[in-house]
>>> print(open('structure-v4.pdb').read())   # PDB, N, CA and C atoms
ATOM      1  N   MET Q 279      59.103 -58.411  61.474  1.00  0.00           N
ATOM      2  CA  MET Q 279      58.946 -58.857  60.104  1.00  0.00           C
ATOM      3  C   MET Q 279      57.468 -59.016  59.751  1.00  0.00           C
ATOM      4  N   TRP Q 280      56.672 -59.592  60.642  1.00  0.00           N
ATOM      5  CA  TRP Q 280      55.258 -59.791  60.347  1.00  0.00           C
ATOM      6  C   TRP Q 280      54.519 -58.454  60.288  1.00  0.00           C
ATOM      7  N   ILE Q 281      54.937 -57.520  61.100  1.00  0.00           N
ATOM      8  CA  ILE Q 281      54.286 -56.206  61.097  1.00  0.00           C
ATOM      9  C   ILE Q 281      54.524 -55.509  59.759  1.00  0.00           C
ATOM     10  N   GLN Q 282      55.730 -55.588  59.230  1.00  0.00           N
ATOM     11  CA  GLN Q 282      56.036 -54.984  57.932  1.00  0.00           C
ATOM     12  C   GLN Q 282      55.226 -55.631  56.816  1.00  0.00           C
ATOM     13  N   LEU Q 283      55.036 -56.929  56.881  1.00  0.00           N
ATOM     14  CA  LEU Q 283      54.254 -57.634  55.866  1.00  0.00           C
ATOM     15  C   LEU Q 283      52.787 -57.227  55.936  1.00  0.00           C
ATOM     16  N   ILE Q 284      52.255 -57.115  57.132  1.00  0.00           N
ATOM     17  CA  ILE Q 284      50.859 -56.691  57.288  1.00  0.00           C
ATOM     18  C   ILE Q 284      50.666 -55.264  56.819  1.00  0.00           C
ATOM     19  N   ILE Q 285      51.606 -54.373  57.135  1.00  0.00           N
ATOM     20  CA  ILE Q 285      51.517 -52.977  56.673  1.00  0.00           C
ATOM     21  C   ILE Q 285      51.596 -52.913  55.152  1.00  0.00           C
ATOM     22  N   ALA Q 286      52.452 -53.716  54.533  1.00  0.00           N
ATOM     23  CA  ALA Q 286      52.577 -53.729  53.071  1.00  0.00           C
ATOM     24  C   ALA Q 286      51.278 -54.204  52.421  1.00  0.00           C
ATOM     25  N   ILE Q 287      50.642 -55.212  52.986  1.00  0.00           N
ATOM     26  CA  ILE Q 287      49.377 -55.721  52.432  1.00  0.00           C
ATOM     27  C   ILE Q 287      48.271 -54.689  52.593  1.00  0.00           C
ATOM     28  N   ILE Q 288      48.215 -54.024  53.742  1.00  0.00           N
ATOM     29  CA  ILE Q 288      47.209 -52.979  53.956  1.00  0.00           C
ATOM     30  C   ILE Q 288      47.420 -51.827  52.978  1.00  0.00           C
ATOM     31  N   MET Q 289      48.649 -51.410  52.774  1.00  0.00           N
ATOM     32  CA  MET Q 289      48.942 -50.324  51.823  1.00  0.00           C
ATOM     33  C   MET Q 289      48.589 -50.731  50.399  1.00  0.00           C
ATOM     34  N   LEU Q 290      48.808 -52.002  50.056  1.00  0.00           N
ATOM     35  CA  LEU Q 290      48.456 -52.496  48.733  1.00  0.00           C
ATOM     36  C   LEU Q 290      46.944 -52.456  48.523  1.00  0.00           C
ATOM     37  N   ILE Q 291      46.184 -52.851  49.529  1.00  0.00           N
ATOM     38  CA  ILE Q 291      44.719 -52.824  49.433  1.00  0.00           C
ATOM     39  C   ILE Q 291      44.214 -51.392  49.330  1.00  0.00           C
ATOM     40  N   ILE Q 292      44.771 -50.485  50.119  1.00  0.00           N
ATOM     41  CA  ILE Q 292      44.355 -49.072  50.066  1.00  0.00           C
ATOM     42  C   ILE Q 292      44.666 -48.470  48.705  1.00  0.00           C
ATOM     43  N   SER Q 293      45.850 -48.744  48.155  1.00  0.00           N
ATOM     44  CA  SER Q 293      46.196 -48.185  46.842  1.00  0.00           C
ATOM     45  C   SER Q 293      45.316 -48.770  45.743  1.00  0.00           C
ATOM     46  N   PHE Q 294      44.928 -50.044  45.886  1.00  0.00           N
ATOM     47  CA  PHE Q 294      44.042 -50.644  44.893  1.00  0.00           C
ATOM     48  C   PHE Q 294      42.656 -50.003  44.946  1.00  0.00           C
ATOM     49  N   LEU Q 295      42.157 -49.727  46.143  1.00  0.00           N
ATOM     50  CA  LEU Q 295      40.836 -49.116  46.284  1.00  0.00           C
ATOM     51  C   LEU Q 295      40.813 -47.656  45.825  1.00  0.00           C
ATOM     52  N   MET Q 296      41.935 -46.957  45.923  1.00  0.00           N
ATOM     53  CA  MET Q 296      41.992 -45.548  45.521  1.00  0.00           C
ATOM     54  C   MET Q 296      42.332 -45.359  44.049  1.00  0.00           C
ATOM     55  N   MET Q 297      42.643 -46.428  43.348  1.00  0.00           N
ATOM     56  CA  MET Q 297      43.017 -46.352  41.943  1.00  0.00           C
ATOM     57  C   MET Q 297      41.821 -45.889  41.101  1.00  0.00           C
ATOM     58  N   PRO Q 298      42.007 -44.922  40.167  1.00  0.00           N
ATOM     59  CA  PRO Q 298      40.875 -44.474  39.347  1.00  0.00           C
ATOM     60  C   PRO Q 298      40.403 -45.575  38.408  1.00  0.00           C
ATOM     61  N   LYS Q 299      39.105 -45.671  38.254  1.00  0.00           N
ATOM     62  CA  LYS Q 299      38.521 -46.689  37.387  1.00  0.00           C
ATOM     63  C   LYS Q 299      38.469 -46.169  35.950  1.00  0.00           C
ATOM     64  N   PRO Q 300      38.855 -46.980  34.957  1.00  0.00           N
ATOM     65  CA  PRO Q 300      38.809 -46.523  33.564  1.00  0.00           C
ATOM     66  C   PRO Q 300      37.372 -46.414  33.070  1.00  0.00           C
ATOM     67  N   LYS Q 301      37.122 -45.388  32.261  1.00  0.00           N
ATOM     68  CA  LYS Q 301      35.794 -45.211  31.669  1.00  0.00           C
ATOM     69  C   LYS Q 301      35.753 -45.960  30.352  1.00  0.00           C
ATOM     70  N   ARG Q 302      34.735 -46.744  30.172  1.00  0.00           N
ATOM     71  CA  ARG Q 302      34.603 -47.539  28.954  1.00  0.00           C
ATOM     72  C   ARG Q 302      33.521 -46.943  28.078  1.00  0.00           C
ATOM     73  N   SER Q 303      33.747 -46.984  26.799  1.00  0.00           N
ATOM     74  CA  SER Q 303      32.744 -46.520  25.846  1.00  0.00           C
ATOM     75  C   SER Q 303      32.567 -47.594  24.777  1.00  0.00           C
ATOM     76  N   ASP Q 304      31.421 -47.576  24.148  1.00  0.00           N
ATOM     77  CA  ASP Q 304      31.146 -48.560  23.107  1.00  0.00           C
ATOM     78  C   ASP Q 304      31.962 -48.231  21.864  1.00  0.00           C
ATOM     79  N   PRO Q 305      32.575 -49.226  21.236  1.00  0.00           N
ATOM     80  CA  PRO Q 305      33.352 -48.954  20.031  1.00  0.00           C
ATOM     81  C   PRO Q 305      32.441 -48.571  18.864  1.00  0.00           C
ATOM     82  N   ALA Q 306      32.944 -47.679  18.026  1.00  0.00           N
ATOM     83  CA  ALA Q 306      32.197 -47.237  16.856  1.00  0.00           C
ATOM     84  C   ALA Q 306      33.007 -47.544  15.600  1.00  0.00           C
ATOM     85  N   ALA Q 307      32.310 -47.750  14.499  1.00  0.00           N
ATOM     86  CA  ALA Q 307      32.982 -48.029  13.232  1.00  0.00           C
ATOM     87  C   ALA Q 307      33.705 -46.772  12.749  1.00  0.00           C
ATOM     88  N   GLN Q 308      34.870 -46.954  12.166  1.00  0.00           N
ATOM     89  CA  GLN Q 308      35.652 -45.835  11.672  1.00  0.00           C
ATOM     90  C   GLN Q 308      35.113 -45.378  10.324  1.00  0.00           C
ATOM     91  N   THR Q 309      35.077 -44.074  10.122  1.00  0.00           N
ATOM     92  CA  THR Q 309      34.649 -43.502   8.849  1.00  0.00           C
ATOM     93  C   THR Q 309      35.847 -42.896   8.136  1.00  0.00           C
ATOM     94  N   LEU Q 310      35.644 -42.457   6.911  1.00  0.00           N
ATOM     95  CA  LEU Q 310      36.745 -41.859   6.154  1.00  0.00           C
ATOM     96  C   LEU Q 310      37.212 -40.549   6.777  1.00  0.00           C
ATOM     97  N   SER Q 311      36.316 -39.818   7.449  1.00  0.00           N
ATOM     98  CA  SER Q 311      36.713 -38.552   8.052  1.00  0.00           C
ATOM     99  C   SER Q 311      37.569 -38.748   9.302  1.00  0.00           C
ATOM    100  N   ASP Q 312      37.594 -39.953   9.875  1.00  0.00           N
ATOM    101  CA  ASP Q 312      38.396 -40.219  11.062  1.00  0.00           C
ATOM    102  C   ASP Q 312      39.857 -40.506  10.730  1.00  0.00           C
ATOM    103  N   SER Q 313      40.186 -40.741   9.490  1.00  0.00           N
ATOM    104  CA  SER Q 313      41.537 -41.142   9.110  1.00  0.00           C
ATOM    105  C   SER Q 313      42.451 -39.928   8.963  1.00  0.00           C
ATOM    106  N   ASP Q 314      43.759 -40.205   9.007  1.00  0.00           N
ATOM    107  CA  ASP Q 314      44.758 -39.144   8.865  1.00  0.00           C
ATOM    108  C   ASP Q 314      45.464 -39.195   7.518  1.00  0.00           C
ATOM    109  N   PHE Q 315      44.844 -39.802   6.508  1.00  0.00           N
ATOM    110  CA  PHE Q 315      45.529 -39.855   5.228  1.00  0.00           C
ATOM    111  C   PHE Q 315      45.456 -38.488   4.546  1.00  0.00           C
ATOM    112  N   PRO Q 316      46.318 -38.229   3.590  1.00  0.00           N
ATOM    113  CA  PRO Q 316      46.375 -36.917   2.957  1.00  0.00           C
ATOM    114  C   PRO Q 316      45.061 -36.528   2.284  1.00  0.00           C
ATOM    115  N   ILE Q 317      44.802 -35.219   2.230  1.00  0.00           N
ATOM    116  CA  ILE Q 317      43.584 -34.690   1.622  1.00  0.00           C
ATOM    117  C   ILE Q 317      43.945 -33.908   0.363  1.00  0.00           C
ATOM    118  N   ALA Q 318      42.973 -33.708  -0.492  1.00  0.00           N
ATOM    119  CA  ALA Q 318      43.198 -32.966  -1.731  1.00  0.00           C
ATOM    120  C   ALA Q 318      42.075 -31.936  -1.893  1.00  0.00           C
ATOM    121  N   ASN Q 319      42.302 -30.725  -1.416  1.00  0.00           N
ATOM    122  CA  ASN Q 319      41.342 -29.629  -1.541  1.00  0.00           C
ATOM    123  C   ASN Q 319      42.018 -28.442  -2.195  1.00  0.00           C
ATOM    124  N   GLU Q 320      41.326 -27.813  -3.129  1.00  0.00           N
ATOM    125  CA  GLU Q 320      41.888 -26.634  -3.781  1.00  0.00           C
ATOM    126  C   GLU Q 320      41.934 -25.436  -2.842  1.00  0.00           C
ATOM    127  N   SER Q 321      40.986 -25.349  -1.918  1.00  0.00           N
ATOM    128  CA  SER Q 321      40.902 -24.170  -1.059  1.00  0.00           C
ATOM    129  C   SER Q 321      41.904 -24.196   0.096  1.00  0.00           C
ATOM    130  N   ASP Q 322      42.499 -25.348   0.398  1.00  0.00           N
ATOM    131  CA  ASP Q 322      43.457 -25.419   1.510  1.00  0.00           C
ATOM    132  C   ASP Q 322      44.807 -24.857   1.097  1.00  0.00           C
ATOM    133  N   GLU Q 323      45.522 -24.355   2.098  1.00  0.00           N
ATOM    134  CA  GLU Q 323      46.849 -23.812   1.842  1.00  0.00           C
ATOM    135  C   GLU Q 323      47.856 -24.940   1.661  1.00  0.00           C
ATOM    136  N   ILE Q 324      48.898 -24.669   0.909  1.00  0.00           N
ATOM    137  CA  ILE Q 324      49.982 -25.634   0.741  1.00  0.00           C
ATOM    138  C   ILE Q 324      51.036 -25.288   1.786  1.00  0.00           C
ATOM    139  N   PRO Q 325      51.323 -26.198   2.711  1.00  0.00           N
ATOM    140  CA  PRO Q 325      52.279 -25.868   3.778  1.00  0.00           C
ATOM    141  C   PRO Q 325      53.709 -25.800   3.252  1.00  0.00           C
ATOM    142  N   VAL Q 326      54.467 -24.860   3.792  1.00  0.00           N
ATOM    143  CA  VAL Q 326      55.889 -24.743   3.474  1.00  0.00           C
ATOM    144  C   VAL Q 326      56.644 -25.321   4.661  1.00  0.00           C
ATOM    145  N   VAL Q 327      57.469 -26.340   4.403  1.00  0.00           N
ATOM    146  CA  VAL Q 327      58.140 -27.060   5.473  1.00  0.00           C
ATOM    147  C   VAL Q 327      59.636 -26.866   5.352  1.00  0.00           C
ATOM    148  N   PHE Q 328      60.258 -26.519   6.483  1.00  0.00           N
ATOM    149  CA  PHE Q 328      61.711 -26.415   6.559  1.00  0.00           C
ATOM    150  C   PHE Q 328      62.204 -27.455   7.543  1.00  0.00           C
ATOM    151  N   GLY Q 329      63.086 -28.332   7.125  1.00  0.00           N
ATOM    152  CA  GLY Q 329      63.601 -29.370   8.015  1.00  0.00           C
ATOM    153  C   GLY Q 329      62.728 -30.612   7.959  1.00  0.00           C
ATOM    154  N   GLU Q 330      62.814 -31.396   9.009  1.00  0.00           N
ATOM    155  CA  GLU Q 330      62.040 -32.638   9.094  1.00  0.00           C
ATOM    156  C   GLU Q 330      60.817 -32.415   9.955  1.00  0.00           C
ATOM    157  N   VAL Q 331      59.645 -32.499   9.338  1.00  0.00           N
ATOM    158  CA  VAL Q 331      58.381 -32.274  10.029  1.00  0.00           C
ATOM    159  C   VAL Q 331      57.404 -33.355   9.580  1.00  0.00           C
ATOM    160  N   VAL Q 332      56.609 -33.850  10.508  1.00  0.00           N
ATOM    161  CA  VAL Q 332      55.566 -34.811  10.183  1.00  0.00           C
ATOM    162  C   VAL Q 332      54.253 -34.047  10.059  1.00  0.00           C
ATOM    163  N   LEU Q 333      53.650 -34.087   8.873  1.00  0.00           N
ATOM    164  CA  LEU Q 333      52.378 -33.418   8.647  1.00  0.00           C
ATOM    165  C   LEU Q 333      51.250 -34.419   8.878  1.00  0.00           C
ATOM    166  N   ALA Q 334      50.234 -34.032   9.666  1.00  0.00           N
ATOM    167  CA  ALA Q 334      49.136 -34.942   9.981  1.00  0.00           C
ATOM    168  C   ALA Q 334      48.276 -35.206   8.750  1.00  0.00           C
ATOM    169  N   GLN Q 335      47.848 -34.171   8.048  1.00  0.00           N
ATOM    170  CA  GLN Q 335      47.032 -34.320   6.848  1.00  0.00           C
ATOM    171  C   GLN Q 335      47.560 -33.366   5.766  1.00  0.00           C
ATOM    172  N   PRO Q 336      48.577 -33.770   5.046  1.00  0.00           N
ATOM    173  CA  PRO Q 336      49.100 -32.881   4.011  1.00  0.00           C
ATOM    174  C   PRO Q 336      48.129 -32.747   2.841  1.00  0.00           C
ATOM    175  N   ASN Q 337      48.159 -31.608   2.190  1.00  0.00           N
ATOM    176  CA  ASN Q 337      47.316 -31.358   1.027  1.00  0.00           C
ATOM    177  C   ASN Q 337      48.073 -31.844  -0.216  1.00  0.00           C
ATOM    178  N   ILE Q 338      47.528 -32.831  -0.900  1.00  0.00           N
ATOM    179  CA  ILE Q 338      48.192 -33.406  -2.064  1.00  0.00           C
ATOM    180  C   ILE Q 338      47.274 -33.318  -3.278  1.00  0.00           C
ATOM    181  N   VAL Q 339      47.788 -33.700  -4.433  1.00  0.00           N
ATOM    182  CA  VAL Q 339      47.014 -33.612  -5.662  1.00  0.00           C
ATOM    183  C   VAL Q 339      46.145 -34.855  -5.872  1.00  0.00           C
ATOM    184  N   TYR Q 340      46.688 -36.051  -5.618  1.00  0.00           N
ATOM    185  CA  TYR Q 340      45.942 -37.282  -5.888  1.00  0.00           C
ATOM    186  C   TYR Q 340      46.368 -38.350  -4.893  1.00  0.00           C
ATOM    187  N   TRP Q 341      45.417 -39.129  -4.364  1.00  0.00           N
ATOM    188  CA  TRP Q 341      45.732 -40.177  -3.401  1.00  0.00           C
ATOM    189  C   TRP Q 341      45.263 -41.551  -3.872  1.00  0.00           C
ATOM    190  N   GLY Q 342      44.571 -41.638  -4.964  1.00  0.00           N
ATOM    191  CA  GLY Q 342      44.104 -42.933  -5.446  1.00  0.00           C
ATOM    192  C   GLY Q 342      42.627 -43.108  -5.170  1.00  0.00           C
ATOM    193  N   ASP Q 343      42.124 -44.285  -5.443  1.00  0.00           N
ATOM    194  CA  ASP Q 343      40.711 -44.577  -5.256  1.00  0.00           C
ATOM    195  C   ASP Q 343      40.480 -45.081  -3.834  1.00  0.00           C
ATOM    196  N   VAL Q 344      40.108 -44.172  -2.944  1.00  0.00           N
ATOM    197  CA  VAL Q 344      39.859 -44.535  -1.561  1.00  0.00           C
ATOM    198  C   VAL Q 344      38.400 -44.959  -1.445  1.00  0.00           C
ATOM    199  N   LYS Q 345      38.184 -46.216  -1.097  1.00  0.00           N
ATOM    200  CA  LYS Q 345      36.828 -46.753  -0.980  1.00  0.00           C
ATOM    201  C   LYS Q 345      36.743 -47.557   0.303  1.00  0.00           C
ATOM    202  N   THR Q 346      35.542 -47.662   0.822  1.00  0.00           N
ATOM    203  CA  THR Q 346      35.313 -48.528   1.969  1.00  0.00           C
ATOM    204  C   THR Q 346      34.339 -49.618   1.562  1.00  0.00           C
ATOM    205  N   ARG Q 347      34.502 -50.780   2.179  1.00  0.00           N
ATOM    206  CA  ARG Q 347      33.576 -51.875   1.922  1.00  0.00           C
ATOM    207  C   ARG Q 347      33.472 -52.719   3.183  1.00  0.00           C
ATOM    208  N   GLU Q 348      32.345 -53.367   3.328  1.00  0.00           N
ATOM    209  CA  GLU Q 348      32.119 -54.208   4.484  1.00  0.00           C
ATOM    210  C   GLU Q 348      32.947 -55.482   4.382  1.00  0.00           C
ATOM    211  N   ILE Q 349      33.376 -55.972   5.527  1.00  0.00           N
ATOM    212  CA  ILE Q 349      34.051 -57.257   5.583  1.00  0.00           C
ATOM    213  C   ILE Q 349      33.001 -58.292   5.948  1.00  0.00           C
ATOM    214  N   ARG Q 350      32.709 -59.164   5.037  1.00  0.00           N
ATOM    215  CA  ARG Q 350      31.695 -60.187   5.276  1.00  0.00           C
ATOM    216  C   ARG Q 350      32.379 -61.545   5.278  1.00  0.00           C
ATOM    217  N   LYS Q 351      32.167 -62.253   6.346  1.00  0.00           N
ATOM    218  CA  LYS Q 351      32.743 -63.592   6.454  1.00  0.00           C
ATOM    219  C   LYS Q 351      31.648 -64.540   6.876  1.00  0.00           C
ATOM    220  N   SER Q 352      31.621 -65.660   6.242  1.00  0.00           N
ATOM    221  CA  SER Q 352      30.719 -66.715   6.677  1.00  0.00           C
ATOM    222  C   SER Q 352      31.559 -67.725   7.445  1.00  0.00           C
ATOM    223  N   GLY Q 353      31.133 -68.053   8.617  1.00  0.00           N
ATOM    224  CA  GLY Q 353      31.931 -68.951   9.412  1.00  0.00           C
ATOM    225  C   GLY Q 353      31.078 -69.962  10.146  1.00  0.00           C
ATOM    226  N   GLY Q 354      31.717 -70.913  10.700  1.00  0.00           N
ATOM    227  CA  GLY Q 354      31.038 -71.926  11.485  1.00  0.00           C
ATOM    228  C   GLY Q 354      30.559 -73.123  10.677  1.00  0.00           C
ATOM    229  N   LYS Q 355      30.718 -73.081   9.366  1.00  0.00           N
ATOM    230  CA  LYS Q 355      30.283 -74.206   8.525  1.00  0.00           C
ATOM    231  C   LYS Q 355      31.509 -74.919   7.994  1.00  0.00           C
ATOM    232  N   LYS Q 356      31.877 -75.972   8.664  1.00  0.00           N
ATOM    233  CA  LYS Q 356      33.071 -76.707   8.204  1.00  0.00           C
ATOM    234  C   LYS Q 356      32.672 -78.080   7.737  1.00  0.00           C
TER
END
>>> encode(input="structure-v4.pdb", output="structure tokens")
Amino acid sequence: MWIQLIIAIIMLIISFLMMPKPKRSDPAAQTLSDSDFPIANESDEIPVVFGEVVLAQPNIVYWGDVKTREIRKSGGKK
């Protein structure tokens, strides 16, 4: 019983050491070009869809007033 426990702990340590390390990158602010909302261009083709399909960026006529603004919060003063 003790031998099996020691082998299990050794295997756990070996698997932990061989595990790939995740690569981290600095986060960046999202821009309007990074989004998947519909686009409105005259030069793009209009897709013909048969059945149920999810379009990533469909070409539409109007999407509204898409604007970005900074989120400013003042905090710490209570």
>>> select_by_dssp(input="structure-v4.pdb", residues="chain Q", states="helix (DSSP H, G or I)", output="ChimeraX atom specification")
/Q:280-296,310-312
>>> write_last_selection(input="structure-v4.pdb", atoms="N, CA and C atoms", output="PDB file, in the coordinates of the input")
ATOM      1  N   TRP Q 280      56.672 -59.592  60.642  1.00  0.00           N
ATOM      2  CA  TRP Q 280      55.258 -59.791  60.347  1.00  0.00           C
ATOM      3  C   TRP Q 280      54.519 -58.454  60.288  1.00  0.00           C
ATOM      4  N   ILE Q 281      54.937 -57.520  61.100  1.00  0.00           N
ATOM      5  CA  ILE Q 281      54.286 -56.206  61.097  1.00  0.00           C
ATOM      6  C   ILE Q 281      54.524 -55.509  59.759  1.00  0.00           C
ATOM      7  N   GLN Q 282      55.730 -55.588  59.230  1.00  0.00           N
ATOM      8  CA  GLN Q 282      56.036 -54.984  57.932  1.00  0.00           C
ATOM      9  C   GLN Q 282      55.226 -55.631  56.816  1.00  0.00           C
ATOM     10  N   LEU Q 283      55.036 -56.929  56.881  1.00  0.00           N
ATOM     11  CA  LEU Q 283      54.254 -57.634  55.866  1.00  0.00           C
ATOM     12  C   LEU Q 283      52.787 -57.227  55.936  1.00  0.00           C
ATOM     13  N   ILE Q 284      52.255 -57.115  57.132  1.00  0.00           N
ATOM     14  CA  ILE Q 284      50.859 -56.691  57.288  1.00  0.00           C
ATOM     15  C   ILE Q 284      50.666 -55.264  56.819  1.00  0.00           C
ATOM     16  N   ILE Q 285      51.606 -54.373  57.135  1.00  0.00           N
ATOM     17  CA  ILE Q 285      51.517 -52.977  56.673  1.00  0.00           C
ATOM     18  C   ILE Q 285      51.596 -52.913  55.152  1.00  0.00           C
ATOM     19  N   ALA Q 286      52.452 -53.716  54.533  1.00  0.00           N
ATOM     20  CA  ALA Q 286      52.577 -53.729  53.071  1.00  0.00           C
ATOM     21  C   ALA Q 286      51.278 -54.204  52.421  1.00  0.00           C
ATOM     22  N   ILE Q 287      50.642 -55.212  52.986  1.00  0.00           N
ATOM     23  CA  ILE Q 287      49.377 -55.721  52.432  1.00  0.00           C
ATOM     24  C   ILE Q 287      48.271 -54.689  52.593  1.00  0.00           C
ATOM     25  N   ILE Q 288      48.215 -54.024  53.742  1.00  0.00           N
ATOM     26  CA  ILE Q 288      47.209 -52.979  53.956  1.00  0.00           C
ATOM     27  C   ILE Q 288      47.420 -51.827  52.978  1.00  0.00           C
ATOM     28  N   MET Q 289      48.649 -51.410  52.774  1.00  0.00           N
ATOM     29  CA  MET Q 289      48.942 -50.324  51.823  1.00  0.00           C
ATOM     30  C   MET Q 289      48.589 -50.731  50.399  1.00  0.00           C
ATOM     31  N   LEU Q 290      48.808 -52.002  50.056  1.00  0.00           N
ATOM     32  CA  LEU Q 290      48.456 -52.496  48.733  1.00  0.00           C
ATOM     33  C   LEU Q 290      46.944 -52.456  48.523  1.00  0.00           C
ATOM     34  N   ILE Q 291      46.184 -52.851  49.529  1.00  0.00           N
ATOM     35  CA  ILE Q 291      44.719 -52.824  49.433  1.00  0.00           C
ATOM     36  C   ILE Q 291      44.214 -51.392  49.330  1.00  0.00           C
ATOM     37  N   ILE Q 292      44.771 -50.485  50.119  1.00  0.00           N
ATOM     38  CA  ILE Q 292      44.355 -49.072  50.066  1.00  0.00           C
ATOM     39  C   ILE Q 292      44.666 -48.470  48.705  1.00  0.00           C
ATOM     40  N   SER Q 293      45.850 -48.744  48.155  1.00  0.00           N
ATOM     41  CA  SER Q 293      46.196 -48.185  46.842  1.00  0.00           C
ATOM     42  C   SER Q 293      45.316 -48.770  45.743  1.00  0.00           C
ATOM     43  N   PHE Q 294      44.928 -50.044  45.886  1.00  0.00           N
ATOM     44  CA  PHE Q 294      44.042 -50.644  44.893  1.00  0.00           C
ATOM     45  C   PHE Q 294      42.656 -50.003  44.946  1.00  0.00           C
ATOM     46  N   LEU Q 295      42.157 -49.727  46.143  1.00  0.00           N
ATOM     47  CA  LEU Q 295      40.836 -49.116  46.284  1.00  0.00           C
ATOM     48  C   LEU Q 295      40.813 -47.656  45.825  1.00  0.00           C
ATOM     49  N   MET Q 296      41.935 -46.957  45.923  1.00  0.00           N
ATOM     50  CA  MET Q 296      41.992 -45.548  45.521  1.00  0.00           C
ATOM     51  C   MET Q 296      42.332 -45.359  44.049  1.00  0.00           C
ATOM     52  N   LEU Q 310      35.644 -42.457   6.911  1.00  0.00           N
ATOM     53  CA  LEU Q 310      36.745 -41.859   6.154  1.00  0.00           C
ATOM     54  C   LEU Q 310      37.212 -40.549   6.777  1.00  0.00           C
ATOM     55  N   SER Q 311      36.316 -39.818   7.449  1.00  0.00           N
ATOM     56  CA  SER Q 311      36.713 -38.552   8.052  1.00  0.00           C
ATOM     57  C   SER Q 311      37.569 -38.748   9.302  1.00  0.00           C
ATOM     58  N   ASP Q 312      37.594 -39.953   9.875  1.00  0.00           N
ATOM     59  CA  ASP Q 312      38.396 -40.219  11.062  1.00  0.00           C
ATOM     60  C   ASP Q 312      39.857 -40.506  10.730  1.00  0.00           C
TER      61      ASP Q 312
END
>>> atom_distance(input="structure-v4.pdb", atom1="atom CA of Q:Ala334", atom2="atom CA of Q:Gln308")
17.4 Å
>>> closest_residue(input="structure-v4.pdb", among="Q:Ser293, Q:Ile338, Q:Lys351, Q:Asp304", to="Q:Asn319", atoms="only N, CA and C atoms")
Q:Ile338
>>> atom_distance(input="structure-v4.pdb", atom1="atom CA of Q:Pro336", atom2="atom C of Q:Ala318")
9.2 Å
